[in-house]
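*Asks:* As input, take start_16.cif (mmCIF, C-alpha atoms and all ligand atoms):
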data_start
#
loop_
_atom_site.label_atom_id
_atom_site.label_comp_id
_atom_site.auth_asym_id
_atom_site.auth_seq_id
_atom_site.Cartn_x
_atom_site.Cartn_y
_atom_site.Cartn_z
CA LEU T 1 -9.55 9.72 -6.17
CA ASN T 2 -10.84 13.26 -5.71
CA ARG T 3 -8.18 14.09 -3.15
CA SER T 4 -5.45 13.01 -5.56
CA ALA T 5 -7.22 14.76 -8.48
CA GLU T 6 -7.22 18.06 -6.60
CA ARG T 7 -3.41 18.01 -6.30
CA LEU T 8 -3.20 17.52 -10.09
CA CYS T 9 -5.75 20.24 -11.01
CA ILE T 10 -8.24 17.61 -12.18
CA PRO T 11 -11.84 18.61 -11.40
CA PRO T 12 -13.60 16.38 -8.84
CA ILE T 13 -15.84 13.57 -10.02
CA ASP T 14 -19.35 13.23 -8.58
CA GLU T 15 -19.07 10.53 -5.92
CA THR T 16 -22.59 9.13 -6.33
CA PHE T 17 -22.22 8.92 -10.10
CA ALA T 18 -18.84 7.17 -9.83
CA LEU T 19 -20.16 4.61 -7.33
CA VAL T 20 -23.32 3.85 -9.33
CA ALA T 21 -21.16 3.30 -12.43
CA LEU T 22 -18.72 1.10 -10.54
CA LYS T 23 -21.45 -1.06 -9.02
CA GLN T 24 -23.17 -1.48 -12.40
CA LEU T 25 -19.94 -2.55 -14.03
CA VAL T 26 -19.20 -5.11 -11.31
CA SER T 27 -22.75 -6.41 -11.57
CA ILE T 28 -22.52 -6.84 -15.35
CA ASP T 29 -19.16 -8.56 -15.07
CA ARG T 30 -20.03 -10.65 -12.00
CA ASP T 31 -19.03 -13.92 -13.71
CA TRP T 32 -15.45 -12.64 -13.76
CA VAL T 33 -15.23 -12.59 -9.96
CA PRO T 34 -12.86 -15.47 -9.19
CA GLN T 35 -13.89 -17.76 -6.35
CA GLN T 36 -10.65 -19.38 -5.13
CA PRO T 37 -9.26 -18.19 -1.77
CA GLY T 38 -6.76 -15.34 -2.13
CA THR T 39 -8.21 -14.20 -5.46
CA SER T 40 -10.39 -11.17 -6.22
CA LEU T 41 -11.76 -8.94 -8.93
CA TYR T 42 -9.35 -6.02 -8.94
CA ILE T 43 -11.09 -2.72 -9.73
CA ARG T 44 -9.07 0.22 -10.96
CA PRO T 45 -10.84 3.54 -11.53
CA PHE T 46 -8.68 6.31 -12.97
CA ILE T 47 -8.86 9.69 -14.68
CA ILE T 48 -6.75 10.79 -17.65
CA ALA T 49 -6.45 14.13 -19.43
CA THR T 50 -7.70 13.91 -23.03
CA GLU T 51 -7.39 17.43 -24.44
CA ALA T 52 -5.40 17.52 -27.69
CA SER T 53 -2.77 20.08 -26.74
CA LEU T 54 0.99 20.53 -26.43
CA ASP T 55 0.76 23.06 -23.61
CA VAL T 56 2.12 22.32 -20.16
CA ASP T 57 -1.14 23.31 -18.54
CA GLU T 58 -4.18 21.78 -16.90
CA SER T 59 -6.44 19.98 -19.37
CA THR T 60 -9.89 21.17 -20.42
CA GLU T 61 -11.08 17.57 -20.95
CA TYR T 62 -10.79 14.43 -18.90
CA GLN T 63 -11.97 10.87 -19.09
CA PHE T 64 -13.00 8.78 -16.07
CA VAL T 65 -12.43 5.07 -16.71
CA ILE T 66 -12.97 1.94 -14.64
CA ILE T 67 -11.09 -1.19 -15.64
CA MET T 68 -11.20 -4.52 -13.84
CA SER T 69 -9.35 -7.80 -13.88
CA PRO T 70 -9.61 -11.09 -12.03
CA SER T 71 -6.44 -11.32 -9.99
CA GLY T 72 -4.42 -13.70 -7.87
CA SER T 73 -2.14 -12.43 -5.15
CA TYR T 74 -0.07 -9.34 -5.87
CA TYR T 75 3.29 -10.94 -5.13
CA LYS T 76 4.14 -14.34 -6.53
CA GLU T 77 4.92 -15.29 -2.91
CA GLY T 78 1.21 -14.78 -1.96
CA ILE T 79 0.92 -14.43 1.80
CA ASN T 80 4.47 -15.79 2.16
CA PRO T 81 7.02 -13.17 3.21
CA VAL T 82 8.56 -10.99 0.49
CA LYS T 83 12.08 -9.60 0.24
CA ILE T 84 12.36 -5.81 0.21
CA MET T 85 15.34 -3.62 -0.69
CA VAL T 86 15.79 -0.37 1.25
CA GLU T 87 16.62 2.30 -1.36
CA GLU T 88 19.78 4.25 -0.59
CA LYS T 89 20.24 6.44 -3.65
CA TYR T 90 16.93 7.45 -5.25
CA VAL T 91 13.95 9.12 -3.59
CA ARG T 92 10.27 8.67 -4.37
CA ALA T 93 8.69 11.83 -2.98
CA VAL T 94 9.28 14.96 -0.94
CA VAL T 95 6.92 16.95 1.27
CA GLY T 96 5.08 19.38 -1.00
CA GLY T 97 5.45 17.05 -4.01
CA THR T 98 2.93 14.51 -5.26
CA GLY T 99 3.80 11.60 -2.95
CA GLU T 100 0.48 11.72 -1.13
CA ALA T 101 -1.49 11.67 -4.39
CA LYS T 102 -2.22 8.39 -6.18
CA THR T 103 -0.68 9.37 -9.49
CA SER T 104 1.33 7.52 -12.12
CA GLY T 105 4.22 9.98 -11.98
CA ASN T 106 5.15 8.59 -8.57
CA TYR T 107 5.53 5.16 -10.11
CA ALA T 108 7.56 6.57 -13.01
CA SER T 109 10.20 7.86 -10.60
CA SER T 110 10.30 4.54 -8.77
CA LEU T 111 10.84 2.16 -11.70
CA ILE T 112 14.63 2.34 -11.75
CA SER T 113 14.74 1.32 -8.10
CA SER T 114 12.31 -1.59 -8.68
CA LYS T 115 14.51 -2.72 -11.54
CA GLU T 116 17.58 -2.80 -9.30
CA ALA T 117 15.62 -4.56 -6.55
CA HIS T 118 14.44 -7.23 -8.99
CA ALA T 119 17.96 -7.73 -10.33
CA ARG T 120 19.10 -8.51 -6.78
CA GLY T 121 16.21 -10.92 -6.19
CA PHE T 122 14.04 -8.52 -4.16
CA SER T 123 10.36 -7.80 -4.83
CA GLN T 124 10.14 -4.09 -4.16
CA THR T 125 11.73 -1.00 -2.68
CA LEU T 126 11.31 0.49 0.79
CA TRP T 127 11.56 4.25 0.44
CA LEU T 128 13.20 6.55 2.95
CA ASP T 129 12.31 10.25 3.22
CA GLY T 130 13.53 12.45 0.38
CA LYS T 131 15.29 15.03 2.54
CA GLU T 132 17.40 13.25 5.13
CA ASN T 133 17.30 9.72 3.70
CA LYS T 134 16.76 8.47 7.22
CA TYR T 135 13.07 8.10 8.03
CA VAL T 136 11.11 5.15 6.69
CA GLU T 137 8.22 6.16 4.42
CA GLU T 138 6.57 3.28 2.53
CA VAL T 139 7.05 0.53 -0.04
CA GLY T 140 6.39 1.07 -3.79
CA SER T 141 2.70 0.19 -3.60
CA MET T 142 1.98 -0.45 0.05
CA ASN T 143 2.26 1.25 3.42
CA ILE T 144 4.62 -0.30 5.94
CA PHE T 145 4.21 -1.50 9.54
CA PHE T 146 6.81 -2.69 12.07
CA LYS T 147 6.19 -4.60 15.29
CA ILE T 148 8.79 -3.92 17.96
CA GLU T 149 8.42 -5.32 21.49
CA GLY T 150 4.69 -5.92 21.05
CA LYS T 151 3.99 -2.43 19.67
CA VAL T 152 2.94 -1.86 16.07
CA ILE T 153 4.50 1.25 14.51
CA THR T 154 3.73 2.83 11.13
CA PRO T 155 5.18 6.08 9.74
CA ALA T 156 2.91 9.07 10.39
CA LEU T 157 1.45 10.76 7.30
CA THR T 158 3.90 13.57 6.62
CA GLY T 159 2.73 14.71 3.19
CA SER T 160 5.05 12.51 1.14
CA ILE T 161 3.39 9.17 1.97
CA LEU T 162 0.31 7.77 0.23
CA PRO T 163 -2.48 7.73 2.86
CA GLY T 164 -3.67 4.22 1.96
CA ILE T 165 -7.18 3.10 2.83
CA THR T 166 -5.82 -0.31 3.90
CA ARG T 167 -3.39 1.44 6.27
CA GLU T 168 -6.24 3.45 7.79
CA SER T 169 -8.50 0.39 8.05
CA MET T 170 -5.83 -1.76 9.71
CA ILE T 171 -5.02 0.97 12.24
CA HIS T 172 -8.73 0.91 13.11
CA VAL T 173 -8.76 -2.89 13.46
CA LEU T 174 -5.63 -2.82 15.65
CA LYS T 175 -7.18 -0.19 17.94
CA GLN T 176 -10.45 -2.12 18.16
CA ASN T 177 -8.50 -5.18 19.27
CA ASN T 178 -6.41 -3.29 21.84
CA ILE T 179 -3.16 -3.95 20.00
CA PRO T 180 -0.83 -0.98 20.64
CA ILE T 181 -0.38 1.06 17.44
CA GLU T 182 1.75 4.17 17.05
CA GLU T 183 1.80 6.52 14.06
CA ARG T 184 5.13 8.29 14.28
CA ALA T 185 8.44 9.00 12.61
CA ILE T 186 10.65 5.91 12.55
CA THR T 187 14.22 5.83 11.27
CA ILE T 188 15.90 2.97 9.44
CA ASP T 189 18.49 3.03 12.28
CA GLU T 190 15.76 2.24 14.81
CA ILE T 191 14.72 -0.77 12.71
CA ILE T 192 18.30 -2.02 12.43
CA GLN T 193 18.87 -1.57 16.17
CA ALA T 194 15.64 -3.40 17.02
CA HIS T 195 16.64 -6.19 14.66
CA ASP T 196 20.11 -6.48 16.20
CA ALA T 197 18.60 -6.46 19.70
CA GLY T 198 16.17 -9.20 18.70
CA THR T 199 13.09 -7.02 19.31
CA LEU T 200 11.97 -6.55 15.69
CA GLU T 201 9.11 -9.03 15.74
CA GLU T 202 7.34 -8.39 12.45
CA VAL T 203 7.37 -6.23 9.32
CA PHE T 204 4.44 -6.13 6.92
CA GLY T 205 2.93 -3.97 4.20
CA THR T 206 -0.70 -3.01 3.55
CA GLY T 207 -2.44 -2.11 0.28
CA THR T 208 -5.55 -2.88 -1.75
CA ALA T 209 -3.60 -5.11 -4.17
CA ALA T 210 -1.03 -6.45 -1.69
CA VAL T 211 -3.68 -6.92 1.08
CA ILE T 212 -1.34 -7.74 4.01
CA SER T 213 2.11 -8.71 2.86
CA PRO T 214 4.67 -9.91 5.42
CA VAL T 215 8.27 -8.88 4.83
CA GLY T 216 10.78 -11.65 5.55
CA ARG T 217 13.97 -9.93 4.52
CA LEU T 218 15.26 -6.35 4.26
CA LEU T 219 18.39 -5.37 2.35
CA TRP T 220 20.17 -2.32 3.78
CA GLN T 221 23.73 -1.24 3.05
CA GLY T 222 24.69 -4.64 1.72
CA GLU T 223 23.36 -6.53 4.74
CA GLU T 224 20.29 -8.71 4.80
CA LEU T 225 18.08 -8.59 7.86
CA ILE T 226 16.03 -11.74 8.39
CA ILE T 227 12.70 -10.99 10.05
CA HIS T 228 10.71 -13.53 12.08
CA ASN T 229 12.62 -16.41 10.53
CA GLU T 230 11.04 -15.43 7.18
CA GLU T 231 7.69 -16.68 8.38
CA ILE T 232 4.40 -14.79 8.67
CA GLY T 233 3.93 -13.27 12.14
CA GLU T 234 0.78 -13.42 14.26
CA THR T 235 -0.22 -9.77 13.75
CA ALA T 236 0.12 -9.93 9.96
CA GLN T 237 -1.84 -13.20 9.90
CA PHE T 238 -4.54 -11.74 12.16
CA LEU T 239 -4.93 -8.62 9.99
CA TYR T 240 -4.93 -10.69 6.79
CA ASP T 241 -7.65 -12.99 8.13
CA THR T 242 -9.71 -10.08 9.48
CA LEU T 243 -9.52 -8.09 6.25
CA THR T 244 -10.21 -10.97 3.85
CA ASN T 245 -13.03 -12.30 6.06
CA MET T 246 -14.65 -8.86 6.01
CA GLN T 247 -14.23 -8.65 2.24
CA THR T 248 -15.90 -12.03 1.71
CA GLY T 249 -18.68 -11.41 4.23
CA ARG T 250 -17.57 -14.05 6.75
CA LEU T 251 -16.91 -11.34 9.34
CA GLU T 252 -19.01 -8.26 9.96
CA ALA T 253 -17.21 -5.10 8.84
CA PRO T 254 -17.60 -1.62 10.32
CA LEU T 255 -20.35 0.52 8.80
CA ASN T 256 -19.71 1.60 5.17
CA TRP T 257 -16.66 -0.62 4.71
CA THR T 258 -18.44 -3.17 2.52
CA THR T 259 -21.20 -3.08 -0.10
CA ARG T 260 -23.17 -6.06 -1.36
CA ILE T 261 -23.69 -6.05 -5.14
C1 LIG H 1 -1.76 2.28 -3.69
C2 LIG H 1 -0.61 2.58 -2.81
C3 LIG H 1 -0.62 2.22 -1.45
C4 LIG H 1 -1.76 1.46 -0.81
O1 LIG H 1 -2.92 2.22 -0.75
P1 LIG H 1 -4.34 1.53 -0.53
O2 LIG H 1 -5.30 2.68 -0.52
O3 LIG H 1 -4.29 0.84 0.79
O4 LIG H 1 -4.54 0.58 -1.67
C5 LIG H 1 0.47 2.60 -0.66
N1 LIG H 1 1.53 3.27 -1.20
C6 LIG H 1 1.57 3.61 -2.50
C7 LIG H 1 2.73 4.35 -3.02
C8 LIG H 1 0.50 3.28 -3.35
O5 LIG H 1 0.57 3.61 -4.64
#
Can you give me the file's structure in the form of structure tokens?
Ligand SMILES: *Cc1c(COP(=O)(O)O)cnc(C)c1O
*Replies:*
Amino acid sequence: LNRSAERLCIPPIDETFALVALKQLVSIDRDWVPQQPGTSLYIRPFIIATEASLDVDESTEYQFVIIMSPSGSYYKEGINPVKIMVEEKYVRAVVGGTGEAKTSGNYASSLISSKEAHARGFSQTLWLDGKENKYVEEVGSMNIFFKIEGKVITPALTGSILPGITRESMIHVLKQNNIPIEERAITIDEIIQAHDAGTLEEVFGTGTAAVISPVGRLLWQGEELIIHNEEIGETAQFLYDTLTNMQTGRLEAPLNWTTRI
């Protein structure tokens, strides 16, 4: 939150204060925590500018708000693979812009693409880089991973990709389990070639809301790539189980990853 705030000239919030407030709110609202598997209490802290002014300038007043909602899975498909459209015309972010900050403006620029994806029966957009329209960046609200010939690959953080905490955590889990993981530039051509050669084993996204979301189909230049027979792959399933078991206390998480309230 503070890293994103800095990019937007919002003063940092005191971390201890924010966490005490968040824990108190969850504690008060504990009856709203849903108990069914795959559900959770979604917590969304955010900061908005509240100064009454017409100037295009940083605000002198801000409000820090935490809202929560019981939630089911992010996609109606749940853990079942989703269909993703690779965007060919619009771009989400460029290096030097606000792509690596968690800010609503990034979503504003992505809505038209989501709308087109939905109209074609796809859940979300896979963004390519804003300069060459060639390197894979991320999906609208999740980071993206590919498994090619046993190796997991995710785009390196270039400055235009949101550095998701789920991405970082899953890279850690993969390393701990000796599953090869590479953070590097990956082009859409490499994905297509791997698919055509039969070596594209899995595609999945990671995010707080999406958890681990397998991708079963990619639309690119009018062609639909079917991935892993539109079934969840073993790596996505393993990461999903590991993450949700840590969240629910069935599996011990690394230090500071979980807090009991
Ligand atoms: C929120 C978000 C993610 C996922 O980030 P997490 O910290 O893992 O929840 C990825 N990409 C975008 C664009 C996002 O807005």
*Asks:* So which one's closest to T:Val95, T:Glu132, T:Asp31, T:Glu116, T:Glu168? Using all atoms listed in the file, please.
*Replies:*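 Of T:Glu132, T:Asp31, T:Glu116, T:Glu168, the one nearest T:Val95, counting all atoms listed in the file, is T:Glu132.
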*Asks:* Adding 4 Å on each side of the box along x, y and z that holds all listed atoms of ligand LIG 1 (chain H), could you give its centre and edge lengths in Å to one decimal, as AutoDock Vina command-line options?
*Replies:*
--center_x -1.3 --center_y 2.5 --center_z -1.9 --size_x 16.0 --size_y 11.8 --size_z 13.4
*Asks:* Can you measure atom CA of T:Glu137 to atom O4 of ligand LIG 1 (chain H) for me? One decimal in Å is fine.
*Replies:*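 These two atoms are separated by 15.2 Å.
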*Asks:* Please extract the residues at most 9 Å from ligand LIG 1 (chain H), counting only C-alpha atoms and all ligand atoms, and provide them as a PyMOL selection string, using the chain letters and residue numbers of this document.
*Replies:* chain T and resi 92+99-104+106-107+138-144+161-169+205-211
*Asks:* Which residues of stretch 50-135 of chain T come within 12 Å of stretch 217-225 of chain T, and for each one, what is the closest pair of atoms and their distance in Å to one decimal, counting all atoms listed in the file, sorted by chain and residue number, as JSON lines?
*Replies:*
{"residue": "T:Asn80", "atom": "CA", "partner": "T:Arg217", "partner_atom": "CA", "distance": 11.4}
{"residue": "T:Pro81", "atom": "CA", "partner": "T:Arg217", "partner_atom": "CA", "distance": 7.8}
{"residue": "T:Val82", "atom": "CA", "partner": "T:Arg217", "partner_atom": "CA", "distance": 6.8}
{"residue": "T:Lys83", "atom": "CA", "partner": "T:Arg217", "partner_atom": "CA", "distance": 4.7}
{"residue": "T:Ile84", "atom": "CA", "partner": "T:Leu218", "partner_atom": "CA", "distance": 5.0}
{"residue": "T:Met85", "atom": "CA", "partner": "T:Leu219", "partner_atom": "CA", "distance": 4.6}
{"residue": "T:Val86", "atom": "CA", "partner": "T:Trp220", "partner_atom": "CA", "distance": 5.4}
{"residue": "T:Glu87", "atom": "CA", "partner": "T:Trp220", "partner_atom": "CA", "distance": 7.8}
{"residue": "T:Glu88", "atom": "CA", "partner": "T:Gln221", "partner_atom": "CA", "distance": 7.7}
{"residue": "T:Lys89", "atom": "CA", "partner": "T:Gln221", "partner_atom": "CA", "distance": 10.8}
{"residue": "T:Glu116", "atom": "CA", "partner": "T:Leu219", "partner_atom": "CA", "distance": 12.0}
{"residue": "T:Ala117", "atom": "CA", "partner": "T:Leu219", "partner_atom": "CA", "distance": 9.4}
{"residue": "T:Arg120", "atom": "CA", "partner": "T:Leu219", "partner_atom": "CA", "distance": 9.7}
{"residue": "T:Gly121", "atom": "CA", "partner": "T:Leu219", "partner_atom": "CA", "distance": 10.4}
{"residue": "T:Phe122", "atom": "CA", "partner": "T:Leu219", "partner_atom": "CA", "distance": 8.4}
{"residue": "T:Ser123", "atom": "CA", "partner": "T:Arg217", "partner_atom": "CA", "distance": 10.2}
{"residue": "T:Gln124", "atom": "CA", "partner": "T:Leu218", "partner_atom": "CA", "distance": 10.1}
{"residue": "T:Thr125", "atom": "CA", "partner": "T:Leu219", "partner_atom": "CA", "distance": 9.4}
{"residue": "T:Leu126", "atom": "CA", "partner": "T:Leu218", "partner_atom": "CA", "distance": 8.6}
{"residue": "T:Trp127", "atom": "CA", "partner": "T:Trp220", "partner_atom": "CA", "distance": 11.3}
{"residue": "T:Leu128", "atom": "CA", "partner": "T:Trp220", "partner_atom": "CA", "distance": 11.3}
{"residue": "T:Lys134", "atom": "CA", "partner": "T:Trp220", "partner_atom": "CA", "distance": 11.8}
*Asks:* Have a look at T:Ser69, T:Val203, T:Ile43, T:Gly130 and name the one nearest to T:Gly96; count all atoms listed in the file.
*Replies:*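 When distances to T:Gly96 are compared using all atoms listed in the file, the smallest one comes from T:Gly130.
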*Asks:* How many Å separate atom CA of T:Thr259 from atom CA of T:Thr242?
*Replies:* 16.5 Å
*Asks:* Compare T:Gln24, T:Ser40, T:Thr60, T:Thr199 by their minimum atom-to-atom distance to T:Ile10, counting all atoms listed in the file, and give me the closest one.
*Replies:*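 Using all atoms listed in the file, T:Ile10 sits closest to T:Thr60.
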*Asks:* In Å, rounded to a single decimal, give me how far atom CA of T:Pro37 is from atom CA of T:Thr248.
*Replies:*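 Atom CA of T:Thr248 sits 9.7 Å away from atom CA of T:Pro37.
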*Asks:* Could you write stretch 87-121 of chain T of the block just shown to a file containing C-alpha atoms, as a PDB file, in the first residue's frame?
*Replies:*
ATOM      1  CA  GLU T  87      -5.118  -8.157 -25.898  1.00  0.00           C
ATOM      2  CA  GLU T  88      -3.817  -7.047 -29.279  1.00  0.00           C
ATOM      3  CA  LYS T  89      -4.851  -3.407 -29.493  1.00  0.00           C
ATOM      4  CA  TYR T  90      -4.918  -1.695 -26.086  1.00  0.00           C
ATOM      5  CA  VAL T  91      -2.135  -1.512 -23.508  1.00  0.00           C
ATOM      6  CA  ARG T  92      -2.430  -1.458 -19.730  1.00  0.00           C
ATOM      7  CA  ALA T  93       0.864   0.078 -18.625  1.00  0.00           C
ATOM      8  CA  VAL T  94       4.283   1.238 -19.742  1.00  0.00           C
ATOM      9  CA  VAL T  95       7.588   1.335 -17.885  1.00  0.00           C
ATOM     10  CA  GLY T  96       7.664   4.611 -15.952  1.00  0.00           C
ATOM     11  CA  GLY T  97       3.850   4.696 -15.705  1.00  0.00           C
ATOM     12  CA  THR T  98       1.703   3.453 -12.839  1.00  0.00           C
ATOM     13  CA  GLY T  99       1.520  -0.241 -13.783  1.00  0.00           C
ATOM     14  CA  GLU T 100       3.514  -1.369 -10.766  1.00  0.00           C
ATOM     15  CA  ALA T 101       1.301   0.592  -8.360  1.00  0.00           C
ATOM     16  CA  LYS T 102      -2.002  -0.843  -7.132  1.00  0.00           C
ATOM     17  CA  THR T 103      -4.166   2.040  -8.273  1.00  0.00           C
ATOM     18  CA  SER T 104      -7.649   2.306  -9.733  1.00  0.00           C
ATOM     19  CA  GLY T 105      -6.469   4.200 -12.813  1.00  0.00           C
ATOM     20  CA  ASN T 106      -4.876   0.994 -14.086  1.00  0.00           C
ATOM     21  CA  TYR T 107      -8.255  -0.697 -13.973  1.00  0.00           C
ATOM     22  CA  ALA T 108      -9.910   2.277 -15.691  1.00  0.00           C
ATOM     23  CA  SER T 109      -7.688   1.829 -18.728  1.00  0.00           C
ATOM     24  CA  SER T 110      -8.376  -1.907 -18.811  1.00  0.00           C
ATOM     25  CA  LEU T 111     -12.189  -1.892 -18.745  1.00  0.00           C
ATOM     26  CA  ILE T 112     -12.719  -1.628 -22.489  1.00  0.00           C
ATOM     27  CA  SER T 113     -10.587  -4.716 -23.022  1.00  0.00           C
ATOM     28  CA  SER T 114     -12.461  -6.671 -20.308  1.00  0.00           C
ATOM     29  CA  LYS T 115     -15.702  -5.698 -21.986  1.00  0.00           C
ATOM     30  CA  GLU T 116     -14.520  -7.093 -25.323  1.00  0.00           C
ATOM     31  CA  ALA T 117     -13.203 -10.238 -23.625  1.00  0.00           C
ATOM     32  CA  HIS T 118     -16.562 -10.806 -21.911  1.00  0.00           C
ATOM     33  CA  ALA T 119     -18.456 -10.262 -25.155  1.00  0.00           C
ATOM     34  CA  ARG T 120     -16.407 -13.078 -26.705  1.00  0.00           C
ATOM     35  CA  GLY T 121     -17.001 -15.395 -23.747  1.00  0.00           C
TER      36      GLY T 121
END
